[in-house]
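Peer 1: Structure supplied as input37.pdb; contents: PDB, C-alpha atoms.
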ATOM      1  CA  MET A   1     -12.259   4.746   4.128
ATOM      2  CA  THR A   2     -11.966   6.478   7.488
ATOM      3  CA  THR A   3      -8.951   8.392   8.762
ATOM      4  CA  ARG A   4      -8.235   5.469  11.069
ATOM      5  CA  SER A   5      -8.239   3.042   8.115
ATOM      6  CA  PHE A   6      -5.908   5.245   6.089
ATOM      7  CA  ASN A   7      -3.584   5.630   9.065
ATOM      8  CA  ARG A   8      -3.454   1.835   9.397
ATOM      9  CA  GLU A   9      -2.618   1.425   5.704
ATOM     10  CA  ILE A  10       0.113   4.077   5.871
ATOM     11  CA  SER A  11       1.563   2.369   8.940
ATOM     12  CA  ILE A  12       1.729  -0.980   7.110
ATOM     13  CA  PHE A  13       3.215   0.707   4.060
ATOM     14  CA  SER A  14       5.929   2.404   6.133
ATOM     15  CA  GLU A  15       6.927  -0.935   7.700
ATOM     16  CA  ILE A  16       7.164  -2.511   4.236
ATOM     17  CA  LEU A  17       9.212   0.454   3.051
ATOM     18  CA  LYS A  18      11.621   0.202   5.979
ATOM     19  CA  LYS A  19      12.033  -3.534   5.390
ATOM     20  CA  ASN A  20      12.685  -3.283   1.663
ATOM     21  CA  HIS A  21      14.313   0.166   1.446
ATOM     22  CA  SER A  22      15.731   1.080   4.836
ATOM     23  CA  ASN A  23      17.634   4.062   3.393
ATOM     24  CA  CYS A  24      14.567   5.663   1.803
ATOM     25  CA  ASP A  25      14.639   9.450   2.145
ATOM     26  CA  ALA A  26      11.433  10.653   0.528
ATOM     27  CA  THR A  27      11.480  14.448   0.251
ATOM     28  CA  ASP A  28       8.853  14.723  -2.493
ATOM     29  CA  ILE A  29       5.851  12.374  -2.504
ATOM     30  CA  LEU A  30       3.044  11.986  -5.039
ATOM     31  CA  ASN A  31      -0.206  10.396  -3.842
ATOM     32  CA  ILE A  32      -2.196   9.255  -6.877
ATOM     33  CA  GLY A  33      -5.966   8.914  -6.495
ATOM     34  CA  CYS A  34      -6.199  10.749  -3.188
ATOM     35  CA  GLY A  35      -9.986  11.086  -3.139
ATOM     36  CA  ASN A  36     -11.093  13.737  -0.666
ATOM     37  CA  GLY A  37      -7.562  14.167   0.677
ATOM     38  CA  THR A  38      -7.820  12.018   3.810
ATOM     39  CA  GLU A  39      -5.216   9.598   2.451
ATOM     40  CA  THR A  40      -2.808  12.442   1.642
ATOM     41  CA  ALA A  41      -3.306  13.893   5.111
ATOM     42  CA  SER A  42      -2.437  10.515   6.636
ATOM     43  CA  LEU A  43       0.728  10.336   4.539
ATOM     44  CA  SER A  44       1.841  13.845   5.443
ATOM     45  CA  ASN A  45       1.156  13.337   9.160
ATOM     46  CA  PHE A  46       2.963  10.023   9.477
ATOM     47  CA  CYS A  47       6.265  10.369  11.328
ATOM     48  CA  LEU A  48       8.324   8.931   8.465
ATOM     49  CA  PHE A  49       7.080  11.661   6.089
ATOM     50  CA  ARG A  50       6.515  14.737   8.273
ATOM     51  CA  ASP A  51       9.422  16.549   6.652
ATOM     52  CA  SER A  52       8.316  15.606   3.131
ATOM     53  CA  ASN A  53       6.323  17.601   0.597
ATOM     54  CA  VAL A  54       3.207  15.599  -0.299
ATOM     55  CA  ILE A  55       1.004  16.246  -3.321
ATOM     56  CA  GLY A  56      -2.284  14.388  -3.611
ATOM     57  CA  ILE A  57      -4.038  14.242  -6.980
ATOM     58  CA  ASP A  58      -7.424  12.927  -8.034
ATOM     59  CA  ILE A  59      -9.371  13.167 -11.270
ATOM     60  CA  ASP A  60     -12.485  14.188  -9.309
ATOM     61  CA  GLN A  61     -10.813  17.135  -7.568
ATOM     62  CA  LYS A  62     -11.986  20.523  -8.833
ATOM     63  CA  ASN A  63      -9.800  22.879  -6.813
ATOM     64  CA  THR A  64      -6.314  23.112  -5.371
ATOM     65  CA  TYR A  65      -6.112  23.506  -1.617
ATOM     66  CA  GLN A  66      -3.608  23.125   1.206
ATOM     67  CA  ILE A  67      -4.558  20.526   3.822
ATOM     68  CA  SER A  68      -1.503  20.856   6.074
ATOM     69  CA  ARG A  69       1.791  22.721   6.160
ATOM     70  CA  ASN A  70       3.420  20.127   3.880
ATOM     71  CA  ALA A  71       0.506  18.689   1.886
ATOM     72  CA  VAL A  72      -1.643  19.968  -0.974
ATOM     73  CA  ILE A  73      -4.534  18.477  -2.962
ATOM     74  CA  LYS A  74      -4.924  19.069  -6.705
ATOM     75  CA  TYR A  75      -6.746  17.857  -9.778
ATOM     76  CA  GLY A  76      -4.720  15.248 -11.620
ATOM     77  CA  ASP A  77      -5.058  12.544 -14.267
ATOM     78  CA  ALA A  78      -2.762   9.546 -13.722
ATOM     79  CA  THR A  79      -2.372   9.062 -17.474
ATOM     80  CA  HIS A  80      -1.218  12.672 -18.012
ATOM     81  CA  LEU A  81       0.717  13.808 -14.954
ATOM     82  CA  ASP A  82       1.348  17.542 -14.949
ATOM     83  CA  TYR A  83       4.835  17.263 -13.437
ATOM     84  CA  SER A  84       8.411  17.370 -14.644
ATOM     85  CA  ASP A  85      10.595  14.341 -15.260
ATOM     86  CA  LEU A  86      12.423  12.974 -12.199
ATOM     87  CA  GLU A  87      10.390  15.024  -9.713
ATOM     88  CA  PHE A  88       9.305  12.565  -6.995
ATOM     89  CA  ASP A  89      11.160  10.295  -4.580
ATOM     90  CA  LEU A  90       8.071   8.270  -3.795
ATOM     91  CA  VAL A  91       4.754   7.554  -5.530
ATOM     92  CA  TYR A  92       1.932   6.041  -3.478
ATOM     93  CA  SER A  93      -0.909   4.390  -5.406
ATOM     94  CA  TYR A  94      -3.394   2.528  -3.212
ATOM     95  CA  HIS A  95      -6.200   0.816  -5.161
ATOM     96  CA  VAL A  96      -6.216   3.263  -8.061
ATOM     97  CA  LEU A  97      -4.778   1.504 -11.118
ATOM     98  CA  GLU A  98      -7.893  -0.648 -11.589
ATOM     99  CA  HIS A  99      -9.920   2.552 -12.075
ATOM    100  CA  VAL A 100      -7.554   4.159 -14.600
ATOM    101  CA  SER A 101      -8.565   4.144 -18.266
ATOM    102  CA  ASP A 102      -5.119   3.067 -19.483
ATOM    103  CA  ALA A 103      -2.896   1.290 -16.945
ATOM    104  CA  ASN A 104       0.119   1.310 -19.277
ATOM    105  CA  LYS A 105      -0.065   5.085 -19.761
ATOM    106  CA  ALA A 106      -0.405   5.624 -16.022
ATOM    107  CA  LEU A 107       2.624   3.480 -15.200
ATOM    108  CA  ALA A 108       4.688   5.125 -17.946
ATOM    109  CA  GLU A 109       3.807   8.525 -16.470
ATOM    110  CA  ILE A 110       4.657   7.378 -12.946
ATOM    111  CA  GLU A 111       8.030   6.093 -14.128
ATOM    112  CA  ARG A 112       8.698   9.395 -15.890
ATOM    113  CA  VAL A 113       8.080  11.595 -12.838
ATOM    114  CA  MET A 114      10.016   9.348 -10.432
ATOM    115  CA  LYS A 115      13.612  10.182  -9.575
ATOM    116  CA  LYS A 116      16.349   7.727 -10.528
ATOM    117  CA  LYS A 117      16.223   6.018  -7.147
ATOM    118  CA  GLY A 118      12.520   6.673  -6.717
ATOM    119  CA  ILE A 119      10.078   4.158  -5.288
ATOM    120  CA  LEU A 120       6.543   3.206  -6.290
ATOM    121  CA  TYR A 121       4.240   1.495  -3.794
ATOM    122  CA  ILE A 122       1.157   0.119  -5.526
ATOM    123  CA  GLY A 123      -1.810  -1.985  -4.473
ATOM    124  CA  THR A 124      -4.824  -3.283  -6.390
ATOM    125  CA  PRO A 125      -7.593  -5.836  -5.877
ATOM    126  CA  ASN A 126      -6.494  -9.406  -6.561
ATOM    127  CA  LYS A 127      -8.288 -10.530  -9.702
ATOM    128  CA  GLN A 128      -7.755 -14.191  -8.774
ATOM    129  CA  ARG A 129      -9.474 -13.879  -5.389
ATOM    130  CA  VAL A 130     -12.284 -16.218  -4.421
ATOM    131  CA  ILE A 131     -13.819 -13.664  -2.047
ATOM    132  CA  GLY A 132     -13.067  -9.948  -1.992
ATOM    133  CA  TYR A 133     -13.190  -7.086   0.494
ATOM    134  CA  VAL A 134     -12.249  -9.282   3.482
ATOM    135  CA  GLY A 135     -10.581  -7.189   6.162
ATOM    136  CA  GLY A 136     -11.266  -3.980   4.274
ATOM    137  CA  PRO A 137     -13.538  -1.069   5.138
ATOM    138  CA  GLY A 138     -17.287  -1.340   4.705
ATOM    139  CA  ARG A 139     -20.334  -2.907   6.316
ATOM    140  CA  LEU A 140     -20.931  -6.647   6.057
ATOM    141  CA  LYS A 141     -24.048  -6.174   3.928
ATOM    142  CA  ASP A 142     -22.079  -3.960   1.520
ATOM    143  CA  LYS A 143     -19.303  -6.549   1.229
ATOM    144  CA  ILE A 144     -21.865  -9.236   0.439
ATOM    145  CA  LYS A 145     -23.373  -6.977  -2.224
ATOM    146  CA  TRP A 146     -19.943  -6.254  -3.746
ATOM    147  CA  ASN A 147     -19.048  -9.953  -3.887
ATOM    148  CA  LEU A 148     -22.369 -10.749  -5.551
ATOM    149  CA  LEU A 149     -21.655  -8.029  -8.104
ATOM    150  CA  ASP A 150     -18.222  -9.581  -8.729
ATOM    151  CA  LEU A 151     -19.935 -12.936  -9.260
ATOM    152  CA  LYS A 152     -22.337 -11.368 -11.748
ATOM    153  CA  PHE A 153     -19.429  -9.953 -13.784
ATOM    154  CA  ARG A 154     -17.675 -13.339 -13.687
ATOM    155  CA  ILE A 155     -20.767 -15.187 -14.923
ATOM    156  CA  GLN A 156     -21.147 -12.668 -17.743
ATOM    157  CA  GLY A 157     -17.471 -13.089 -18.676
ATOM    158  CA  LYS A 158     -16.868  -9.408 -17.932
ATOM    159  CA  PHE A 159     -14.781  -9.547 -14.772
ATOM    160  CA  GLN A 160     -12.374  -6.967 -16.146
ATOM    161  CA  ASN A 161     -11.601  -3.384 -15.194
ATOM    162  CA  LYS A 162     -12.602  -2.106 -18.633
ATOM    163  CA  TYR A 163     -16.185  -3.259 -18.076
ATOM    164  CA  GLY A 164     -16.493  -1.429 -14.773
ATOM    165  CA  ALA A 165     -15.850  -4.470 -12.587
ATOM    166  CA  HIS A 166     -13.718  -3.960  -9.487
ATOM    167  CA  ALA A 167     -11.490  -6.741 -10.773
ATOM    168  CA  GLY A 168      -7.945  -5.485 -10.290
ATOM    169  CA  PHE A 169      -5.061  -7.640 -11.490
ATOM    170  CA  GLY A 170      -3.636 -11.103 -10.897
ATOM    171  CA  GLN A 171      -0.234 -11.263  -9.197
ATOM    172  CA  GLU A 172       1.702 -12.338 -12.289
ATOM    173  CA  GLU A 173      -0.371 -10.054 -14.496
ATOM    174  CA  LEU A 174       0.530  -7.014 -12.411
ATOM    175  CA  ARG A 175       4.164  -8.092 -12.059
ATOM    176  CA  SER A 176       4.522  -8.369 -15.851
ATOM    177  CA  LEU A 177       2.875  -4.979 -16.329
ATOM    178  CA  LEU A 178       5.151  -3.298 -13.785
ATOM    179  CA  LYS A 179       8.294  -4.883 -15.265
ATOM    180  CA  LYS A 180       7.664  -3.000 -18.501
ATOM    181  CA  TYR A 181       8.515   0.229 -16.670
ATOM    182  CA  PHE A 182      10.573  -0.651 -13.595
ATOM    183  CA  ASN A 183      13.824  -2.585 -13.226
ATOM    184  CA  ASN A 184      13.199  -3.735  -9.672
ATOM    185  CA  VAL A 185       9.731  -5.165  -8.950
ATOM    186  CA  THR A 186       9.058  -6.838  -5.583
ATOM    187  CA  ASN A 187       5.822  -8.543  -4.602
ATOM    188  CA  VAL A 188       5.241  -7.530  -0.970
ATOM    189  CA  THR A 189       1.758  -9.021  -0.602
ATOM    190  CA  ASP A 190       2.900 -11.592   1.968
ATOM    191  CA  ASP A 191       4.585  -8.824   3.972
ATOM    192  CA  TYR A 192       1.423  -6.722   3.813
ATOM    193  CA  TYR A 193      -0.853  -9.427   5.191
ATOM    194  CA  GLN A 194       1.728 -10.574   7.719
ATOM    195  CA  LEU A 195       1.661  -7.049   9.143
ATOM    196  CA  LYS A 196      -2.121  -6.809   8.881
ATOM    197  CA  VAL A 197      -3.194 -10.129  10.409
ATOM    198  CA  GLY A 198      -0.057 -11.472  12.106
ATOM    199  CA  ASN A 199       1.193 -15.066  12.144
ATOM    200  CA  LYS A 200      -2.152 -16.433  10.933
ATOM    201  CA  ILE A 201      -0.847 -15.659   7.442
ATOM    202  CA  LYS A 202       1.468 -18.702   7.583
ATOM    203  CA  VAL A 203      -1.546 -20.971   7.263
ATOM    204  CA  ILE A 204      -2.677 -19.564   3.922
ATOM    205  CA  LYS A 205       0.592 -18.707   2.144
ATOM    206  CA  GLY A 206       0.398 -21.844   0.018
ATOM    207  CA  ILE A 207      -2.982 -20.835  -1.407
ATOM    208  CA  SER A 208      -2.580 -17.078  -1.087
ATOM    209  CA  LYS A 209      -2.981 -16.603  -4.828
ATOM    210  CA  HIS A 210      -6.718 -17.068  -4.403
ATOM    211  CA  LEU A 211      -7.250 -15.981  -0.785
ATOM    212  CA  TYR A 212      -5.605 -12.577  -0.732
ATOM    213  CA  PRO A 213      -8.283  -9.977  -1.562
ATOM    214  CA  SER A 214      -5.582  -7.528  -2.721
ATOM    215  CA  ILE A 215      -1.980  -7.523  -3.939
ATOM    216  CA  TYR A 216       0.889  -5.110  -3.300
ATOM    217  CA  PHE A 217       4.204  -4.327  -5.003
ATOM    218  CA  VAL A 218       7.204  -2.069  -4.394
ATOM    219  CA  CYS A 219       9.009  -0.917  -7.553
ATOM    220  CA  MET A 220      12.203   0.986  -8.347
ATOM    221  CA  LYS A 221      13.554   2.365 -11.615
TER     222      LYS A 221
END
Translate this structure into structure tokens?
Peer 2:
Amino acid sequence: MTTRSFNREISIFSEILKKNHSNCDATDILNIGCGNGTETASLSNFCLFRDSNVIGIDIDQKNTYQISRNAVIKYGDATHLDYSDLEFDLVYSYHVLEHVSDANKALAEIERVMKKKGILYIGTPNKQRVIGYVGGPGRLKDKIKWNLLDLKFRIQGKFQNKYGAHAGFGQEELRSLLKKYFNNVTNVTDDYYQLKVGNKIKVIKGISKHLYPSIYFVCMK
């Protein structure tokens, strides 16, 4: 994803956060699966979080380095977070859980490092989608290729994360998983797409279960 794409996602996330948790005061933020750090940079530069300390972790990171005055990138494994209990006000996980070897371990670790009034924002691909990658980054020919690959996994009966498919989770599947670790679990997928595409979303809400390419939740302990 480009810096512009990440900035757009952070903007949508901040609007969802303000709507659902208007009194959020995130001093310490953990960005799980930060890739090359562009996502973390977008978080740290956004006006809502400019006074926050942001740590971005990724399993493919080899070194620790500062990317701005309030943001640092480090190696990190979501299933074994190298942080103390109750350390973060906010955890941001954008399309990461589907790549993690053990989703339950990752969520248990996230819950552990979150403060008592901490917030988790999490998004994954929608496993029940008919077509994926709509509205997301990437060239048209790549999106066609990715959808054909999804179809191949479906035909083989292997449309699951554990087989390497970019499957994600169904809405109720992810809700049930999150409820194991968080007391307050809110599906904000409608809010996300309302902000992303505007009033057109009203047309598809009734069949959104299969049309949304991704799903999003906000969770509290």
Peer 1: Which one of A:Phe46, A:Phe159, A:Phe153, A:Tyr216 sits closest to A:Asp190 if you count all atoms listed in the file?
Peer 2: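 Checking each candidate against A:Asp190, we get A:Tyr216 as the closest.
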Peer 1: So which one's closest to A:His210, A:Pro137, A:Gly198, A:Gly35, A:Gly170? Using all atoms listed in the file, please.
Peer 2: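 The answer is A:Gly170, which sits nearest to A:His210.
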Peer 1: Using the chain letters and numbering of this document, enumerate as a list of chain:residue names the residues selected by the PyMOL selection byres ((chain A and resi 213) around 6).
Peer 2: A:Asn126, A:Arg129, A:Gly132, A:Tyr212, A:Ser214
Peer 1: In Å to one decimal, how far is atom CA of A:Pro125 from atom CA of A:Asn147?
Peer 2: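 Atom CA of A:Pro125 lies at a distance of 12.3 Å from atom CA of A:Asn147.
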Peer 1: I'd like to know which of A:Phe6, A:Tyr192, A:Trp146, A:Phe217 is closest to A:Ile131, using all atoms listed in the file.
Peer 2: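 Looking at the shortest contact to A:Ile131, the residue is A:Trp146.
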Peer 1: So which residues get picked by the PyMOL selection byres ((chain A and resi 13) around 12) here, written as a compact mmCIF listing (two decimals) with C-alpha atoms, in the frame of the given file?
Peer 2:
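Output contents, as saved in expr.txt:
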# COMPACT_ATOMS: atom_id res chain seq x y z
CA PHE A 6 -5.91 5.24 6.09
CA ASN A 7 -3.58 5.63 9.06
CA ARG A 8 -3.45 1.84 9.40
CA GLU A 9 -2.62 1.42 5.70
CA ILE A 10 0.11 4.08 5.87
CA SER A 11 1.56 2.37 8.94
CA ILE A 12 1.73 -0.98 7.11
CA SER A 14 5.93 2.40 6.13
CA GLU A 15 6.93 -0.94 7.70
CA ILE A 16 7.16 -2.51 4.24
CA LEU A 17 9.21 0.45 3.05
CA LYS A 18 11.62 0.20 5.98
CA LYS A 19 12.03 -3.53 5.39
CA ASN A 20 12.68 -3.28 1.66
CA HIS A 21 14.31 0.17 1.45
CA SER A 42 -2.44 10.52 6.64
CA LEU A 43 0.73 10.34 4.54
CA PHE A 46 2.96 10.02 9.48
CA LEU A 48 8.32 8.93 8.46
CA PHE A 49 7.08 11.66 6.09
CA LEU A 90 8.07 8.27 -3.80
CA VAL A 91 4.75 7.55 -5.53
CA TYR A 92 1.93 6.04 -3.48
CA SER A 93 -0.91 4.39 -5.41
CA TYR A 94 -3.39 2.53 -3.21
CA LEU A 120 6.54 3.21 -6.29
CA TYR A 121 4.24 1.50 -3.79
CA ILE A 122 1.16 0.12 -5.53
CA GLY A 123 -1.81 -1.98 -4.47
CA VAL A 188 5.24 -7.53 -0.97
CA THR A 189 1.76 -9.02 -0.60
CA ASP A 191 4.58 -8.82 3.97
CA TYR A 192 1.42 -6.72 3.81
CA TYR A 193 -0.85 -9.43 5.19
CA GLN A 194 1.73 -10.57 7.72
CA LEU A 195 1.66 -7.05 9.14
CA LYS A 196 -2.12 -6.81 8.88
CA TYR A 216 0.89 -5.11 -3.30
CA PHE A 217 4.20 -4.33 -5.00
CA VAL A 218 7.20 -2.07 -4.39
Peer 1: Please report the interatomic distance between atom CA of A:Leu30 and atom CA of A:Thr3 in Å with one decimal.
Peer 2: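 A separation of 18.6 Å between them.
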Peer 1: With distances taken over only C-alpha atoms, which residue among A:Glu111, A:Ser176, A:Val197, A:Ala26 lies nearest A:Gly136?
Peer 2: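 Using only C-alpha atoms, the shortest distance to A:Gly136 belongs to A:Val197.
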Peer 1: Spell out the residues picked by the PyMOL selection byres ((chain A and resi 160-168) around 9) here, as a PyMOL selection string.
Peer 2: chain A and resi 95+97-101+124-128+146+149-150+153-154+157-159+169-170+174+214-215
Peer 1: Quick one: distance from atom CA of A:Asp89 to atom CA of A:Lys105 in Å, one decimal?
Peer 2: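 Taking atom CA of A:Asp89 as the start and atom CA of A:Lys105 as the end point, the length is 19.6 Å.
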Peer 1: Please, which residues are within 8 Å of (3.8, 19.4, 5.5) by the file's coordinates, counting only C-alpha atoms, and could they come as a list of chain:residue names?
Peer 2: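 Protein and nucleic acid residues near the point are A:Ser44, A:Asn45, A:Arg50, A:Asp51, A:Ser52, A:Asn53, A:Val54, A:Ser68, A:Arg69, A:Asn70, A:Ala71.
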Peer 1: Include C-alpha atoms and write out the residues we just selected as a compact mmCIF listing (two decimals), keeping the file's coordinate frame.
Peer 2:
# COMPACT_ATOMS: atom_id res chain seq x y z
CA SER A 44 1.84 13.84 5.44
CA ASN A 45 1.16 13.34 9.16
CA ARG A 50 6.52 14.74 8.27
CA ASP A 51 9.42 16.55 6.65
CA SER A 52 8.32 15.61 3.13
CA ASN A 53 6.32 17.60 0.60
CA VAL A 54 3.21 15.60 -0.30
CA SER A 68 -1.50 20.86 6.07
CA ARG A 69 1.79 22.72 6.16
CA ASN A 70 3.42 20.13 3.88
CA ALA A 71 0.51 18.69 1.89
Peer 1: When distances are computed from only C-alpha atoms, which of A:Ala78, A:Ile155, A:Met220, A:Ile29 shows the smallest separation from A:Asp102?
Peer 2: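 That would be A:Ala78, the residue with the smallest distance to A:Asp102.
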Peer 1: Out of A:Tyr133, A:Val185, A:Phe88, A:Ile59, which residue has the shortest atom-to-atom distance to A:Lys115 when counting only C-alpha atoms?
Peer 2: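 Ranking A:Tyr133, A:Val185, A:Phe88, A:Ile59 by distance to A:Lys115, first place goes to A:Phe88.
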Peer 1: Using only C-alpha atoms, collect all residues at a distance of at most 9 Å from (-10.7, 17.1, -3.4) as written in the file, then present them as a ChimeraX atom specification.
Peer 2: /A:34-37,56-65,73-75
Peer 1: Enclose the full set of atoms of stretch 182-191 of chain A listed in the file within a box whose edges lie along x, y and z, apply 4 Å of padding to each of the six sides, and report centre and edge lengths in Å to one decimal as lines of an AutoDock Vina configuration file.
Peer 2:
center_x = 7.8
center_y = -6.1
center_z = -4.8
size_x = 20.1
size_y = 18.9
size_z = 25.6
Peer 1: Reconstruct N, CA and C atoms of stretch 30-56 of chain A; output as a PDB file, keeping the file's coordinate frame.
Peer 2:
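Result written to part36.pdb:
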ATOM      1  N   LEU A  30       4.260  11.829  -4.243  1.00  0.00           N
ATOM      2  CA  LEU A  30       3.044  11.986  -5.039  1.00  0.00           C
ATOM      3  C   LEU A  30       2.061  10.905  -4.643  1.00  0.00           C
ATOM      4  N   ASN A  31       0.870  11.309  -4.218  1.00  0.00           N
ATOM      5  CA  ASN A  31      -0.206  10.396  -3.842  1.00  0.00           C
ATOM      6  C   ASN A  31      -1.247  10.405  -4.959  1.00  0.00           C
ATOM      7  N   ILE A  32      -1.290   9.325  -5.729  1.00  0.00           N
ATOM      8  CA  ILE A  32      -2.196   9.255  -6.877  1.00  0.00           C
ATOM      9  C   ILE A  32      -3.539   8.681  -6.452  1.00  0.00           C
ATOM     10  N   GLY A  33      -4.623   9.363  -6.847  1.00  0.00           N
ATOM     11  CA  GLY A  33      -5.966   8.914  -6.495  1.00  0.00           C
ATOM     12  C   GLY A  33      -6.265   9.168  -5.029  1.00  0.00           C
ATOM     13  N   CYS A  34      -6.110  10.404  -4.616  1.00  0.00           N
ATOM     14  CA  CYS A  34      -6.199  10.749  -3.188  1.00  0.00           C
ATOM     15  C   CYS A  34      -7.624  10.942  -2.688  1.00  0.00           C
ATOM     16  N   GLY A  35      -8.606  10.907  -3.567  1.00  0.00           N
ATOM     17  CA  GLY A  35      -9.986  11.086  -3.139  1.00  0.00           C
ATOM     18  C   GLY A  35     -10.216  12.452  -2.518  1.00  0.00           C
ATOM     19  N   ASN A  36     -10.791  12.461  -1.322  1.00  0.00           N
ATOM     20  CA  ASN A  36     -11.093  13.737  -0.666  1.00  0.00           C
ATOM     21  C   ASN A  36      -9.909  14.322   0.095  1.00  0.00           C
ATOM     22  N   GLY A  37      -8.771  13.644   0.036  1.00  0.00           N
ATOM     23  CA  GLY A  37      -7.562  14.167   0.677  1.00  0.00           C
ATOM     24  C   GLY A  37      -7.213  13.522   2.000  1.00  0.00           C
ATOM     25  N   THR A  38      -8.087  12.659   2.523  1.00  0.00           N
ATOM     26  CA  THR A  38      -7.820  12.018   3.810  1.00  0.00           C
ATOM     27  C   THR A  38      -6.565  11.152   3.743  1.00  0.00           C
ATOM     28  N   GLU A  39      -6.393  10.442   2.635  1.00  0.00           N
ATOM     29  CA  GLU A  39      -5.216   9.598   2.451  1.00  0.00           C
ATOM     30  C   GLU A  39      -3.941  10.439   2.433  1.00  0.00           C
ATOM     31  N   THR A  40      -3.973  11.557   1.713  1.00  0.00           N
ATOM     32  CA  THR A  40      -2.808  12.442   1.642  1.00  0.00           C
ATOM     33  C   THR A  40      -2.479  13.013   3.012  1.00  0.00           C
ATOM     34  N   ALA A  41      -3.512  13.376   3.755  1.00  0.00           N
ATOM     35  CA  ALA A  41      -3.306  13.893   5.111  1.00  0.00           C
ATOM     36  C   ALA A  41      -2.627  12.850   5.990  1.00  0.00           C
ATOM     37  N   SER A  42      -3.049  11.590   5.861  1.00  0.00           N
ATOM     38  CA  SER A  42      -2.437  10.515   6.636  1.00  0.00           C
ATOM     39  C   SER A  42      -0.962  10.348   6.273  1.00  0.00           C
ATOM     40  N   LEU A  43      -0.667  10.429   4.986  1.00  0.00           N
ATOM     41  CA  LEU A  43       0.728  10.336   4.539  1.00  0.00           C
ATOM     42  C   LEU A  43       1.572  11.464   5.121  1.00  0.00           C
ATOM     43  N   SER A  44       1.068  12.676   5.017  1.00  0.00           N
ATOM     44  CA  SER A  44       1.841  13.845   5.443  1.00  0.00           C
ATOM     45  C   SER A  44       2.017  13.900   6.956  1.00  0.00           C
ATOM     46  N   ASN A  45       1.084  13.303   7.701  1.00  0.00           N
ATOM     47  CA  ASN A  45       1.156  13.337   9.160  1.00  0.00           C
ATOM     48  C   ASN A  45       1.959  12.197   9.758  1.00  0.00           C
ATOM     49  N   PHE A  46       2.241  11.164   8.943  1.00  0.00           N
ATOM     50  CA  PHE A  46       2.963  10.023   9.477  1.00  0.00           C
ATOM     51  C   PHE A  46       4.409  10.409   9.754  1.00  0.00           C
ATOM     52  N   CYS A  47       4.949   9.918  10.857  1.00  0.00           N
ATOM     53  CA  CYS A  47       6.265  10.369  11.328  1.00  0.00           C
ATOM     54  C   CYS A  47       7.362  10.223  10.281  1.00  0.00           C
ATOM     55  N   LEU A  48       7.279   9.167   9.470  1.00  0.00           N
ATOM     56  CA  LEU A  48       8.324   8.931   8.465  1.00  0.00           C
ATOM     57  C   LEU A  48       8.337  10.011   7.384  1.00  0.00           C
ATOM     58  N   PHE A  49       7.195  10.716   7.202  1.00  0.00           N
ATOM     59  CA  PHE A  49       7.080  11.661   6.089  1.00  0.00           C
ATOM     60  C   PHE A  49       6.756  13.095   6.522  1.00  0.00           C
ATOM     61  N   ARG A  50       6.905  13.411   7.785  1.00  0.00           N
ATOM     62  CA  ARG A  50       6.515  14.737   8.273  1.00  0.00           C
ATOM     63  C   ARG A  50       7.370  15.864   7.699  1.00  0.00           C
ATOM     64  N   ASP A  51       8.565  15.532   7.252  1.00  0.00           N
ATOM     65  CA  ASP A  51       9.422  16.549   6.652  1.00  0.00           C
ATOM     66  C   ASP A  51       9.380  16.510   5.128  1.00  0.00           C
ATOM     67  N   SER A  52       8.450  15.747   4.580  1.00  0.00           N
ATOM     68  CA  SER A  52       8.316  15.606   3.131  1.00  0.00           C
ATOM     69  C   SER A  52       7.262  16.566   2.592  1.00  0.00           C
ATOM     70  N   ASN A  53       7.360  16.859   1.306  1.00  0.00           N
ATOM     71  CA  ASN A  53       6.323  17.601   0.597  1.00  0.00           C
ATOM     72  C   ASN A  53       5.425  16.578  -0.087  1.00  0.00           C
ATOM     73  N   VAL A  54       4.134  16.602   0.228  1.00  0.00           N
ATOM     74  CA  VAL A  54       3.207  15.599  -0.299  1.00  0.00           C
ATOM     75  C   VAL A  54       2.163  16.271  -1.183  1.00  0.00           C
ATOM     76  N   ILE A  55       2.036  15.770  -2.404  1.00  0.00           N
ATOM     77  CA  ILE A  55       1.004  16.246  -3.321  1.00  0.00           C
ATOM     78  C   ILE A  55       0.026  15.108  -3.576  1.00  0.00           C
ATOM     79  N   GLY A  56      -1.256  15.369  -3.317  1.00  0.00           N
ATOM     80  CA  GLY A  56      -2.284  14.388  -3.611  1.00  0.00           C
ATOM     81  C   GLY A  56      -3.073  14.821  -4.833  1.00  0.00           C
TER      82      GLY A  56
END
